[in-house]
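**Student:** Okay, handing you the structure first.
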Amino acid sequence: MAETVSVDSTVAMRRGSGTGIAVWRWAGIAALIAVAVVLPSTISNYHVFELTQVMIYAIAVLGLNILTGYNGQISLGHGGFFAAGAYTAAVLMHRYGVPYWATLLPAALVCFALGMLFGVPALRFEGPYLALVTLAMAVAMPQLLKYFDTWTGGQQGIRLAKPMPPPELGLDRDRWLYFFVLVVLLVAIRVAANLLNGRTGRAFVAIRDHPIAAAAMGINTARYKTLAFGASTLFTGVAGALAAIVIGFVAPESFTLFLSLSFLVGSAVGGIATIGGAIVGGFFIEFVPNVANDISDAAPWAIYGLAMLLVMYVMPRGVVGTAGPWLAHAIQQLRSARRAAK
Amino acid sequence: MRAKQTVVTGLCMAGLMLAVNAVYAAGQYGPGVTDTEIKIGNTNPYSGSASSYGINGKVHAAYFAMINEKGGINGRKINYITRDDSYSPPKTVEQARQLVEQDKVFLLFAPLGTPPNMAIHDYMNENKVPQLFVATGADQWNDPKHFPWTMMWLPSYGIESHIYANYILKNLPNAKIAVLYQNDDYGKDYLNGLRAGLGDKAAKMIVATQSYETTDPTVDQQVVALQGSGADVLLTAAIPKFAAQTVRKVYDIGWKPTHFLNSVGNSVGLVMKPAGLEKGVGIISATYHKDPTDPQWQNTPEYKEWLAFMNSHGFSGNITDSQAVIGYSYAQTMAEVLRMCGDNLTRENVMKQAASLHNLQLPMLLPGITLNTSADDFDPIKQMQLEKFDGTTWQLFGDVISGSGT
Amino acid sequence: MHQLLQQIFSGLAAGAVYASLALALVMIYRATDLVNFAQGEMAMFSTYIAWTLVNAELPFWAAFVITLAVSFVGGMLIERIVIRPVENAPILTMVVVTIGLLLIFNATAGWLYSYTLQEFPSPFPDRTLFGALMTTRDVGVIAVTLVMLVALFCFFRFTATGLAMRAAAQNPESARLCGVRVGRMLALGWGFAAAIGAVAGIMVAPVLFLDPNMMSGVLLYAFTGALLGGITSPVGAVVGGLIVGVTENLVGTYLIASQLKLTVALILIIIVLVFRPNGLFGTALVRRV
């Protein structure tokens with residue numbers, strides 16, 4: 001195999017060179033969070049809405065990264081799980097009057113269960129065969145949603161009342177939803193980081209890179225692979241629920257095969273075995289089609305496709321996947337140069 | 001002395017009043033309007049599976065460009081901004097918000113598709129932005145009481161299927177009906193409209209239904225299955241590609257039902273000819289506009305004007321496409337409403353003018369079909385006419401029928 | 001009974017459409033170990049090239065041959081220019097590159113030719129056979145697909161180039177050591193696949209009608225058929241495609257409403273794959289430790 005293990009190299013750095021890198025990392029993360037918190041007050045409602053979409057896609061892509069990046073199981077069907085989360089939230093809100101913030105947990109649980117269910121037959125398949133099985137999910141979902149129309153509203157979809165921000169905070173609806181999603185994103189990143197940097201994550205990576213060796217070392221591959229599926233769809237399902245809340249409308253047309261492919265593209269562009277890459281992927285999915293539309297009225301998708309190709313040529317491991325190790329390497333060079341100069 | 005003062009005061013007051021009137025007469029403007037420009041926005045699917053409808057937006061743009069060349073409307077040029085939503089509702093929400101909040105358009109004109117329009121329905125009405133002449137035939141858009149900022153244009157699919165239902169009840173009372181429909185809101189509306197039109201006979205008369213997805217390569221399985229139900233009447237609610245496949249397959253398997261073909265899929269050039277002209281003889285449809293590939297219109301001055309417009313704006317490859325005729329007529333309606341506003345270009349006035357259409361005629365609509373709206377009726381076109389295919393052209397028969405929709 | 005026969009024959013006709021594209025997918029997989037998501041769009045684009053030639057008053061077969069040649073060269077160029085730079089990248093990168101190609105071809109076709117439906121001439125006359133069970137065009141598609149299948153089978157089995165191609169795909173380093181020009185084999189693989197796709201598109205366009213989205217739905221079915229038959233087996237691709245066509249028709253008519261026919265058909269196929277994870281005719285991938 002021409003691939004090398006692409007564990008987040010800053011993890012390796014952290015062990016070896018002590019506190020130096022870690023401090024930089026935390027500072028960087030804190031700065032990003034600070035920017036994210038301050039930003040809404042400086043930009044228009046529309047841009048706040050766009051950024052909220054970016055964060056939702058980031059959470060969805062994060063789910064995909066767990067499965068495809070860290071555990072090596074390809075999925076062409078995450079759009080279907082996104083839809084499952086969205087419709088769970090929509091049906092709960094519309095039919096049972098559940099408040100919007102309380103739909104996240106049920107959506108997470110439903111999608112986790114779905115993912116585990118999927119993970120079991122998925123154990124039998126690899127490569128293109130696994131792609132087909134997951135593709136079936138993406139294709140089946142719109143059909144099922146249209147068929148069970150008493151629950152799902154069928155082709156007409158479900159219209160949802162937009163959430164009202166709590167009055168004490170003095171925020172308008174767009175900004176309230178932005179912060180709501182931001183909090184969920186930060187929680188998701190934290191949970192994913194704990195999962196992936198711990199024992200489970202190492203098991204995932206081991207199974208991805210050397211499944212036979214992993215099994216020989218006593219890792220229960222079946223259990224971890226299924227768990228990877230469930231964890232992955234949990235994240236994407238929560239993202240779907242958030243999407244239903246923020247857009248205020250769900251319909252089968254919102255969840256086409258193209259959405260699944262978009263998640264895959266976002267994952268690859270950001271860096272499949274990274275957490276930060278999910279955010280980059282979210283930006284890519286949200287903004288590049290719009291920019292493509294501005295560049296070319298006649299063939300916007302052609303520009304979108306070209307953008308994909310360009311990113312893959314320049315950074316085959318994705319933005320964070322390529323820039324991350326490069327950055328860590330550069331910092332190490334700097335430090336050893338500084339040490340040598342002393 | 002006093003008299004002189006009075007006259008001067010009087011003159012000053014007159015002058016002041018004239019000045020104030022002049023300010024008012026210069027026009028009241030909503031967002032997106034200036035002395036020289038009216039900015040209108042649109043969403044259309046230019047990519048994805050619904051991209052065959054994208055020609056609507058392109059024709060609008062070309063028509064407005066043509067109007068601008070001739071001096072614009074009441075001295076103002078139309079700045080038409082259209083954005084791609086790929087027929088995906090979340091994308092439509094995004095594009096509509098960008099148009100309204102960033103581009104600051106005056107109104108949204110002819111956004112296309114039922115799910116896309118549903119996604120922005122609440123937003124447009126909450127923000128009091130006209131969602132004018134939506135490009136979809138679903139019945140729900142005609143609701144001025146709850147959604148005063150949303151107006152239709154097309155005759156609803158419900159009206160059309162009611163017309164077929166009435167015809168069947170009158171002429172084929174013992175019919176066994178099979179329905180082939182596209183599995184989305186558009187196709188479902190036809191099925192539901194037929195059921196509603198047949199009333200309590202629906203359950204007995206409709207013996208089989210089959211649906212297809214736009215991603216299905218063929219509809220052969222559906223057609224064969226419908227034949228197997230023993231039906232002798234078929235209603236096909238399909239877009240041109242699948243309508244053509246259906247017409248051909250029905251003939252090829254030797255099935256001879258009374259075949260009703262919906263107006264979206266009855267183009268001579270796009271459907272009847274590819275299927276095989278002889279295979280469509282006897283098919284019944286309804287329409288409200290002139291089919292550009294139908295020989296009977298091709299010597300009329302209205303057609304020639306449309307053709308000249310198409311050829312001079314880069315659409316020579318699309319002169320077979322009925323969507324281009326529809327888009328052209330949409331744009332003409334918009335231009336007329338803007339003209340009717342004069343200098344009073346506020347959003348309220350646009351809706352008021354749009355709701356005051358009276359017997360408005362458009363060159364590419366059938367003779368006898370006009371646009372009419374009122375404060376309670378936001379569906380401008382409610383008339384259609386039945387037609388039967390004779391192997392070369394659609395022969396109109398009967399009178400222009402007025403439907404009432406739902 | 002008549003209905004059953006009708007559905008089976010319709011299914012075979014549709015299945016042949018899927019099988020023809022599935023052959024192209026298998027070709028690429030055999031040559032490069034990669035599933036090319038852009039295969040359908042490339043086939044569609046080739047069909048538009050043929051259409052342009054036919055509209056320019058060229059006789060059908062001349063247009064056919066020219067299109068094949070252009071597609072072959074085009075496929076090789078794509079491999080050289082687009083795929084070669086990311087040859088050693090992770091699989092997902094390659095997948096994204098093919099998705100990008102898909103979008104580019106689709107959008108370019110839409111831009112050049114608009115999305116309005118077009119007619120495409122068929123070399124076969126428009127007649128029904130076997131008492132309306134099939135049309136001559138459907139039979140034409142099946143016949144051409146079988147011819148391509150035989151050609152492909154013989155190529156891989158009996159020619160030196162075919163052997164070299166299989167070697168280059170399975171083990172590039174060893175193949176190089178044996179003197180196989182691996183790069184050239186990859187390019188040839190893409191070229192052949194593009195040509196097969198072109199044939200598929202030209203055969204299929206009279207039946208499905210030509211528009212930029214003509215192959216989008218077909219790709220999914222072709223993919224399913226190729227995997228069902230075994231992604232490494234041309235025979236499997238054809239058998240798989242035919243089975244998918246017939247299964248879908250029968251499921252939609254007898255088992256469940258047509259709204260769920262694709263879902264149920266896919267579930268059935270996945271169940272079959274659970275018992276034969278490499279497809280009906282596929283060879284198991286051996287993992288060396």
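Ligands are numbered from 1 in the order shown, residues from 1 within each chain, and chains are lettered A, B, ... in the order they appear in the structure tokens.
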For chain C, which residues have at least one atom within 8 Å of chain B, if we go by only C-alpha atoms? Write them as a PyMOL selection string, please.

**Tutor:** chain C and resi 3+6-7+10-11+14+107+113-119+128+132-133+135+207-209+213-218+249+252-253+257-259

**Student:** With N, CA and C atoms retained, export the selected residues as an mmCIF file, in the first residue's frame.

**Tutor:**
data_model
loop_
_atom_site.group_PDB
_atom_site.id
_atom_site.type_symbol
_atom_site.label_atom_id
_atom_site.label_comp_id
_atom_site.auth_asym_id
_atom_site.auth_seq_id
_atom_site.Cartn_x
_atom_site.Cartn_y
_atom_site.Cartn_z
ATOM 1 N N GLN C 3 -47.914 -10.643 -18.843
ATOM 2 C CA GLN C 3 -47.336 -9.520 -18.099
ATOM 3 C C GLN C 3 -45.945 -9.907 -17.590
ATOM 4 N N GLN C 6 -43.512 -9.896 -20.395
ATOM 5 C CA GLN C 6 -43.257 -8.499 -20.761
ATOM 6 C C GLN C 6 -42.256 -7.865 -19.820
ATOM 7 N N GLN C 7 -42.486 -8.074 -18.527
ATOM 8 C CA GLN C 7 -41.604 -7.435 -17.547
ATOM 9 C C GLN C 7 -40.202 -8.004 -17.635
ATOM 10 N N SER C 10 -38.649 -6.537 -20.783
ATOM 11 C CA SER C 10 -38.329 -5.120 -20.547
ATOM 12 C C SER C 10 -37.119 -5.003 -19.642
ATOM 13 N N GLY C 11 -37.092 -5.886 -18.648
ATOM 14 C CA GLY C 11 -35.968 -5.874 -17.719
ATOM 15 C C GLY C 11 -34.668 -6.203 -18.411
ATOM 16 N N ALA C 14 -33.643 -3.095 -20.383
ATOM 17 C CA ALA C 14 -33.054 -2.089 -19.494
ATOM 18 C C ALA C 14 -31.723 -2.582 -18.963
ATOM 19 N N ALA C 107 -21.626 19.572 -16.459
ATOM 20 C CA ALA C 107 -21.879 20.997 -16.622
ATOM 21 C C ALA C 107 -21.461 21.480 -18.009
ATOM 22 N N TYR C 113 -24.557 22.244 -24.969
ATOM 23 C CA TYR C 113 -25.693 21.718 -25.718
ATOM 24 C C TYR C 113 -27.033 22.027 -25.089
ATOM 25 N N SER C 114 -27.047 22.722 -24.001
ATOM 26 C CA SER C 114 -28.245 23.045 -23.211
ATOM 27 C C SER C 114 -28.913 21.774 -22.718
ATOM 28 N N TYR C 115 -29.881 21.938 -21.836
ATOM 29 C CA TYR C 115 -30.498 20.779 -21.208
ATOM 30 C C TYR C 115 -31.739 20.319 -21.942
ATOM 31 N N THR C 116 -31.993 20.895 -23.098
ATOM 32 C CA THR C 116 -33.176 20.484 -23.851
ATOM 33 C C THR C 116 -32.945 19.099 -24.430
ATOM 34 N N LEU C 117 -34.006 18.279 -24.361
ATOM 35 C CA LEU C 117 -33.950 16.913 -24.867
ATOM 36 C C LEU C 117 -33.630 16.881 -26.359
ATOM 37 N N GLN C 118 -32.808 15.907 -26.787
ATOM 38 C CA GLN C 118 -32.525 15.774 -28.215
ATOM 39 C C GLN C 118 -32.818 14.362 -28.667
ATOM 40 N N GLU C 119 -33.144 14.248 -29.941
ATOM 41 C CA GLU C 119 -33.309 12.908 -30.503
ATOM 42 C C GLU C 119 -31.973 12.406 -30.989
ATOM 43 N N THR C 128 -41.208 -3.709 -33.603
ATOM 44 C CA THR C 128 -41.330 -4.588 -32.435
ATOM 45 C C THR C 128 -41.176 -6.041 -32.852
ATOM 46 N N ALA C 132 -44.481 -7.934 -29.719
ATOM 47 C CA ALA C 132 -44.448 -6.744 -28.866
ATOM 48 C C ALA C 132 -43.702 -6.952 -27.556
ATOM 49 N N LEU C 133 -42.924 -8.006 -27.438
ATOM 50 C CA LEU C 133 -42.172 -8.173 -26.207
ATOM 51 C C LEU C 133 -40.921 -7.302 -26.193
ATOM 52 N N THR C 135 -38.315 -4.429 -28.775
ATOM 53 C CA THR C 135 -38.146 -3.727 -30.038
ATOM 54 C C THR C 135 -36.786 -4.067 -30.615
ATOM 55 N N VAL C 207 -32.862 5.109 -27.173
ATOM 56 C CA VAL C 207 -33.872 4.533 -26.289
ATOM 57 C C VAL C 207 -34.208 5.481 -25.147
ATOM 58 N N LEU C 208 -33.165 6.082 -24.553
ATOM 59 C CA LEU C 208 -33.390 6.927 -23.391
ATOM 60 C C LEU C 208 -33.562 8.400 -23.749
ATOM 61 N N PHE C 209 -33.219 8.779 -24.955
ATOM 62 C CA PHE C 209 -33.189 10.172 -25.398
ATOM 63 C C PHE C 209 -32.018 10.921 -24.778
ATOM 64 N N ASN C 213 -28.289 14.753 -18.572
ATOM 65 C CA ASN C 213 -28.482 13.878 -17.415
ATOM 66 C C ASN C 213 -28.848 12.460 -17.809
ATOM 67 N N MET C 214 -28.641 12.114 -19.080
ATOM 68 C CA MET C 214 -29.059 10.806 -19.592
ATOM 69 C C MET C 214 -28.464 9.650 -18.791
ATOM 70 N N MET C 215 -27.164 9.756 -18.466
ATOM 71 C CA MET C 215 -26.477 8.634 -17.836
ATOM 72 C C MET C 215 -26.433 8.705 -16.313
ATOM 73 N N SER C 216 -26.949 9.783 -15.729
ATOM 74 C CA SER C 216 -26.781 9.926 -14.276
ATOM 75 C C SER C 216 -27.453 8.788 -13.529
ATOM 76 N N GLY C 217 -28.686 8.463 -13.948
ATOM 77 C CA GLY C 217 -29.378 7.369 -13.288
ATOM 78 C C GLY C 217 -28.772 6.035 -13.646
ATOM 79 N N VAL C 218 -28.341 5.912 -14.915
ATOM 80 C CA VAL C 218 -27.817 4.637 -15.384
ATOM 81 C C VAL C 218 -26.565 4.246 -14.605
ATOM 82 N N ASN C 249 -37.572 -4.670 -12.340
ATOM 83 C CA ASN C 249 -38.894 -4.725 -12.956
ATOM 84 C C ASN C 249 -39.835 -5.632 -12.186
ATOM 85 N N GLY C 252 -40.758 -4.146 -8.801
ATOM 86 C CA GLY C 252 -41.680 -3.026 -8.922
ATOM 87 C C GLY C 252 -43.084 -3.451 -9.315
ATOM 88 N N THR C 253 -43.201 -4.567 -10.005
ATOM 89 C CA THR C 253 -44.514 -4.987 -10.457
ATOM 90 C C THR C 253 -45.194 -5.888 -9.452
ATOM 91 N N ALA C 257 -44.768 -1.383 -4.359
ATOM 92 C CA ALA C 257 -45.087 -0.271 -5.254
ATOM 93 C C ALA C 257 -43.822 0.285 -5.890
ATOM 94 N N SER C 258 -43.997 0.844 -7.078
ATOM 95 C CA SER C 258 -42.814 1.301 -7.802
ATOM 96 C C SER C 258 -42.038 2.360 -7.042
ATOM 97 N N GLN C 259 -42.664 2.987 -6.046
ATOM 98 C CA GLN C 259 -41.916 4.016 -5.323
ATOM 99 C C GLN C 259 -40.754 3.438 -4.552
#

**Student:** Identify all residues of stretch 11-171 of chain C in alpha helix (DSSP H) (DSSP on the backbone) and supply them as a ChimeraX atom specification.

**Tutor:** /C:11-32,39-55,60-78,91-113,136-158,160-170

**Student:** What residues in chain A have any atom no more than 6 Å from chain C when counting only C-alpha atoms, and can you write them as a PDB file with N, CA and C atoms, in the first residue's frame?

**Tutor:**
ATOM      1  N   ALA A 140     -31.939   5.016  -1.013  1.00  0.00           N
ATOM      2  CA  ALA A 140     -33.188   4.539  -0.420  1.00  0.00           C
ATOM      3  C   ALA A 140     -33.881   5.624   0.380  1.00  0.00           C
ATOM      4  N   GLN A 143     -36.588   7.769  -1.255  1.00  0.00           N
ATOM      5  CA  GLN A 143     -37.719   6.914  -1.610  1.00  0.00           C
ATOM      6  C   GLN A 143     -38.554   6.591  -0.375  1.00  0.00           C
ATOM      7  N   VAL A 265     -16.612  14.861  -0.609  1.00  0.00           N
ATOM      8  CA  VAL A 265     -15.694  15.855  -1.147  1.00  0.00           C
ATOM      9  C   VAL A 265     -15.169  16.749  -0.035  1.00  0.00           C
ATOM     10  N   ALA A 298     -23.061  30.082 -16.633  1.00  0.00           N
ATOM     11  CA  ALA A 298     -23.509  29.038 -17.553  1.00  0.00           C
ATOM     12  C   ALA A 298     -23.235  27.648 -17.041  1.00  0.00           C
ATOM     13  N   ALA A 299     -22.109  27.455 -16.379  1.00  0.00           N
ATOM     14  CA  ALA A 299     -21.739  26.092 -15.978  1.00  0.00           C
ATOM     15  C   ALA A 299     -21.109  26.117 -14.592  1.00  0.00           C
ATOM     16  N   TRP A 301     -21.277  24.191 -12.014  1.00  0.00           N
ATOM     17  CA  TRP A 301     -20.721  22.948 -11.512  1.00  0.00           C
ATOM     18  C   TRP A 301     -19.363  22.621 -12.112  1.00  0.00           C
ATOM     19  N   ALA A 302     -19.124  23.105 -13.314  1.00  0.00           N
ATOM     20  CA  ALA A 302     -17.821  22.831 -13.912  1.00  0.00           C
ATOM     21  C   ALA A 302     -16.728  23.499 -13.084  1.00  0.00           C
ATOM     22  N   GLY A 305     -16.267  21.519  -9.944  1.00  0.00           N
ATOM     23  CA  GLY A 305     -15.466  20.326 -10.218  1.00  0.00           C
ATOM     24  C   GLY A 305     -13.987  20.669 -10.375  1.00  0.00           C
ATOM     25  N   MET A 308     -12.376  21.224  -7.076  1.00  0.00           N
ATOM     26  CA  MET A 308     -12.067  19.953  -6.424  1.00  0.00           C
ATOM     27  C   MET A 308     -10.754  19.387  -6.944  1.00  0.00           C
ATOM     28  N   LEU A 309     -10.634  19.375  -8.279  1.00  0.00           N
ATOM     29  CA  LEU A 309      -9.422  18.807  -8.864  1.00  0.00           C
ATOM     30  C   LEU A 309      -8.191  19.571  -8.394  1.00  0.00           C
ATOM     31  N   PRO A 316      -3.027  16.570  -1.844  1.00  0.00           N
ATOM     32  CA  PRO A 316      -3.710  15.287  -1.984  1.00  0.00           C
ATOM     33  C   PRO A 316      -4.244  14.730  -0.672  1.00  0.00           C
TER      34      PRO A 316
END

**Student:** Give me, as a PyMOL selection string, the contact residues of chain A against chain B at a cut-off of 10 Å, counting only C-alpha atoms.

**Tutor:** chain A and resi 44-47+49-50+53+143+146-147+154-162+243-244+246-256+258-259+286+289-290+293-294+297-302

**Student:** Let me see the file: selected residues, C-alpha atoms, as a tab-separated table (two decimals), in the first residue's frame.

**Tutor:**
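Produced file result11.tsv, reproduced below:
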chain	number	residue	atom	x	y	z
A	44	SER	CA	-24.60	40.81	8.30
A	45	ASN	CA	-27.41	38.38	9.13
A	46	TYR	CA	-26.95	36.62	5.84
A	47	HIS	CA	-23.28	35.89	6.49
A	49	PHE	CA	-26.59	32.30	8.39
A	50	GLU	CA	-23.96	31.12	5.93
A	53	GLN	CA	-24.46	26.31	7.52
A	143	GLN	CA	-37.72	6.91	-1.61
A	146	LYS	CA	-41.75	9.84	0.06
A	147	TYR	CA	-43.40	6.50	0.70
A	154	GLY	CA	-44.11	12.92	1.66
A	155	GLN	CA	-43.18	15.03	-1.32
A	156	GLN	CA	-44.51	18.17	0.34
A	157	GLY	CA	-42.04	17.98	3.16
A	158	ILE	CA	-42.47	19.42	6.62
A	159	ARG	CA	-42.46	23.11	7.45
A	160	LEU	CA	-41.11	23.98	10.84
A	161	ALA	CA	-41.59	27.00	13.01
A	162	LYS	CA	-38.32	28.82	13.41
A	243	ALA	CA	-30.05	21.66	9.54
A	244	ALA	CA	-33.77	21.04	9.94
A	246	VAL	CA	-31.93	26.27	10.97
A	247	ILE	CA	-33.52	25.99	7.52
A	248	GLY	CA	-37.00	25.43	8.88
A	249	PHE	CA	-38.01	23.03	6.12
A	250	VAL	CA	-37.28	19.43	5.20
A	251	ALA	CA	-38.21	17.67	1.98
A	252	PRO	CA	-36.84	14.61	0.18
A	253	GLU	CA	-35.29	16.89	-2.45
A	254	SER	CA	-33.03	18.34	0.23
A	255	PHE	CA	-31.23	15.01	0.63
A	256	THR	CA	-30.13	13.76	-2.75
A	258	PHE	CA	-25.32	14.74	-4.44
A	259	LEU	CA	-25.38	15.65	-0.75
A	286	GLU	CA	-20.79	25.90	1.54
A	289	PRO	CA	-20.51	26.36	-5.18
A	290	ASN	CA	-21.57	29.97	-4.58
A	293	ASN	CA	-21.93	30.46	-9.52
A	294	ASP	CA	-20.45	33.96	-9.48
A	297	ASP	CA	-23.39	31.67	-14.86
A	298	ALA	CA	-23.51	29.04	-17.55
A	299	ALA	CA	-21.74	26.09	-15.98
A	300	PRO	CA	-21.28	26.61	-12.22
A	301	TRP	CA	-20.72	22.95	-11.51
A	302	ALA	CA	-17.82	22.83	-13.91

**Student:** Please compute the atom CA of B:Ser316-atom CA of C:Trp51 distance, one decimal, in Å.

**Tutor:**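 Calculated distance between atom CA of B:Ser316 and atom CA of C:Trp51 is 16.4 Å.
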
**Student:** Choose the residue, out of C:Gly197, C:Leu219, C:Met203, C:Ile28, that has the smallest atom-to-atom separation from C:Ser122; count only C-alpha atoms.

**Tutor:**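 Among the listed residues, the smallest separation from C:Ser122 belongs to C:Met203.
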
**Student:** Select from stretch 62-178 of chain C every residue with an atom at most 10 Å from any atom of stretch 183-195 of chain C, then for each give the shortest pair of atoms and their distance in Å to one decimal, using only C-alpha atoms, rows by chain and rising number, as a Markdown table.

**Tutor:**
| residue | atom | partner | partner_atom | distance |
| --- | --- | --- | --- | --- |
| C:Val65 | CA | C:Ala195 | CA | 9.9 |
| C:Thr67 | CA | C:Ala195 | CA | 8.2 |
| C:Leu68 | CA | C:Ala195 | CA | 5.2 |
| C:Ala69 | CA | C:Ala195 | CA | 7.3 |
| C:Val70 | CA | C:Ala195 | CA | 8.3 |
| C:Ser71 | CA | C:Ala195 | CA | 5.3 |
| C:Phe72 | CA | C:Gly191 | CA | 4.2 |
| C:Val73 | CA | C:Gly191 | CA | 6.1 |
| C:Gly74 | CA | C:Gly191 | CA | 6.9 |
| C:Gly75 | CA | C:Gly191 | CA | 4.2 |
| C:Met76 | CA | C:Gly191 | CA | 4.6 |
| C:Leu77 | CA | C:Ala187 | CA | 7.5 |
| C:Ile78 | CA | C:Trp190 | CA | 7.8 |
| C:Glu79 | CA | C:Ala187 | CA | 5.4 |
| C:Arg80 | CA | C:Ala187 | CA | 6.6 |
| C:Ile83 | CA | C:Ala187 | CA | 9.4 |
| C:Arg84 | CA | C:Gly183 | CA | 8.5 |
| C:Leu152 | CA | C:Phe192 | CA | 9.5 |
| C:Thr161 | CA | C:Met185 | CA | 8.0 |
| C:Gly162 | CA | C:Met185 | CA | 9.0 |
| C:Ala164 | CA | C:Met185 | CA | 7.3 |
| C:Met165 | CA | C:Met185 | CA | 5.4 |
| C:Arg166 | CA | C:Met185 | CA | 8.8 |
| C:Ala167 | CA | C:Met185 | CA | 9.4 |
| C:Ala168 | CA | C:Met185 | CA | 6.8 |
| C:Ala169 | CA | C:Leu186 | CA | 7.8 |
| C:Pro172 | CA | C:Gly183 | CA | 9.3 |
| C:Arg176 | CA | C:Gly183 | CA | 9.5 |

**Student:** So how many Å separate atom CA of B:Met351 and atom CA of B:Gly32, to one decimal?

**Tutor:** 15.6 Å

**Student:** Show me, as a PyMOL selection string, the residues that have an atom within 10 Å of B:Ala61 when counting only C-alpha atoms, minus same-chain residues fewer than 4 positions from it.

**Tutor:** chain B and resi 42+55-57+65-67+78-82+313+327-328+331

**Student:** Selected residues, N, CA and C atoms, written as a CSV table (one decimal), in the first residue's frame, please.

**Tutor:**
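Saved to part_19.csv:
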chain,number,residue,atom,x,y,z
B,42,ASN,N,-34.1,36.1,-8.8
B,42,ASN,CA,-34.8,34.8,-9.2
B,42,ASN,C,-33.9,33.6,-8.8
B,55,ILE,N,-33.8,26.7,-18.4
B,55,ILE,CA,-33.9,27.6,-19.5
B,55,ILE,C,-34.9,28.7,-19.2
B,56,ASN,N,-35.8,28.5,-18.2
B,56,ASN,CA,-36.7,29.6,-17.8
B,56,ASN,C,-35.9,30.8,-17.4
B,57,GLY,N,-35.0,30.6,-16.5
B,57,GLY,CA,-34.2,31.8,-16.0
B,57,GLY,C,-33.4,32.5,-17.1
B,65,ALA,N,-33.1,41.8,-21.0
B,65,ALA,CA,-32.0,42.5,-21.7
B,65,ALA,C,-32.6,43.2,-22.9
B,66,MET,N,-33.5,42.5,-23.6
B,66,MET,CA,-34.2,43.1,-24.8
B,66,MET,C,-34.9,44.3,-24.4
B,67,ILE,N,-35.7,44.3,-23.3
B,67,ILE,CA,-36.5,45.4,-22.9
B,67,ILE,C,-35.5,46.6,-22.6
B,78,ILE,N,-34.0,47.1,-16.1
B,78,ILE,CA,-34.2,46.0,-15.2
B,78,ILE,C,-32.9,45.2,-15.0
B,79,ASN,N,-32.5,45.2,-13.7
B,79,ASN,CA,-31.3,44.4,-13.3
B,79,ASN,C,-31.7,43.1,-12.8
B,80,TYR,N,-31.6,42.1,-13.6
B,80,TYR,CA,-32.2,40.8,-13.3
B,80,TYR,C,-31.1,39.9,-12.8
B,81,ILE,N,-31.2,39.5,-11.5
B,81,ILE,CA,-30.1,38.6,-10.9
B,81,ILE,C,-30.7,37.3,-10.6
B,82,THR,N,-30.1,36.2,-11.2
B,82,THR,CA,-30.7,34.9,-11.0
B,82,THR,C,-29.6,34.0,-10.4
B,313,HIS,N,-31.0,35.9,-29.4
B,313,HIS,CA,-30.4,35.9,-28.0
B,313,HIS,C,-29.7,34.6,-27.7
B,327,GLY,N,-41.3,30.7,-20.2
B,327,GLY,CA,-40.4,31.7,-19.6
B,327,GLY,C,-40.6,33.0,-20.2
B,328,TYR,N,-40.8,33.1,-21.5
B,328,TYR,CA,-41.0,34.3,-22.3
B,328,TYR,C,-42.3,35.0,-21.8
B,331,ALA,N,-41.9,36.5,-18.3
B,331,ALA,CA,-41.2,37.7,-18.3
B,331,ALA,C,-42.1,38.9,-18.8

**Student:** Could you pull out the strand (DSSP E or B) residues of stretch 173-277 of chain B from DSSP and send them as a list in words?

**Tutor:**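 Result set for stretch 173-277 of chain B (strand (DSSP E or B)): Ile177, Ala178, Val179, Leu180, Tyr181, Gln182, Ile206, Val207, Ala208, Thr209, Gln210, Ser211, Tyr212, Val233, Leu234, Leu235, Thr236, Ala237, Thr258, His259, Phe260 and Leu261 of chain B.
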
**Student:** Kindly export the residues of the current selection with C-alpha atoms, as a short mmCIF file (atom, residue, chain, number, x, y, z; two decimals), in the first residue's frame.

**Tutor:**
data_model
loop_
_atom_site.label_atom_id
_atom_site.label_comp_id
_atom_site.auth_asym_id
_atom_site.auth_seq_id
_atom_site.Cartn_x
_atom_site.Cartn_y
_atom_site.Cartn_z
CA ILE B 177 -58.06 4.53 -15.08
CA ALA B 178 -54.34 3.98 -14.68
CA VAL B 179 -52.03 6.82 -13.64
CA LEU B 180 -48.31 7.19 -14.28
CA TYR B 181 -46.82 10.06 -12.31
CA GLN B 182 -43.47 11.52 -11.40
CA ILE B 206 -58.58 4.48 -10.57
CA VAL B 207 -57.41 0.89 -10.76
CA ALA B 208 -53.64 1.28 -10.82
CA THR B 209 -50.96 3.89 -10.19
CA GLN B 210 -47.25 3.71 -10.88
CA SER B 211 -44.62 6.32 -10.16
CA TYR B 212 -41.12 6.96 -11.41
CA VAL B 233 -57.67 5.07 -19.67
CA LEU B 234 -54.19 6.31 -18.88
CA LEU B 235 -53.16 9.63 -17.35
CA THR B 236 -49.48 10.42 -17.70
CA ALA B 237 -48.06 13.16 -15.49
CA THR B 258 -57.57 6.71 -24.00
CA HIS B 259 -54.35 8.46 -23.14
CA PHE B 260 -54.33 11.79 -21.30
CA LEU B 261 -50.94 13.46 -21.38
#
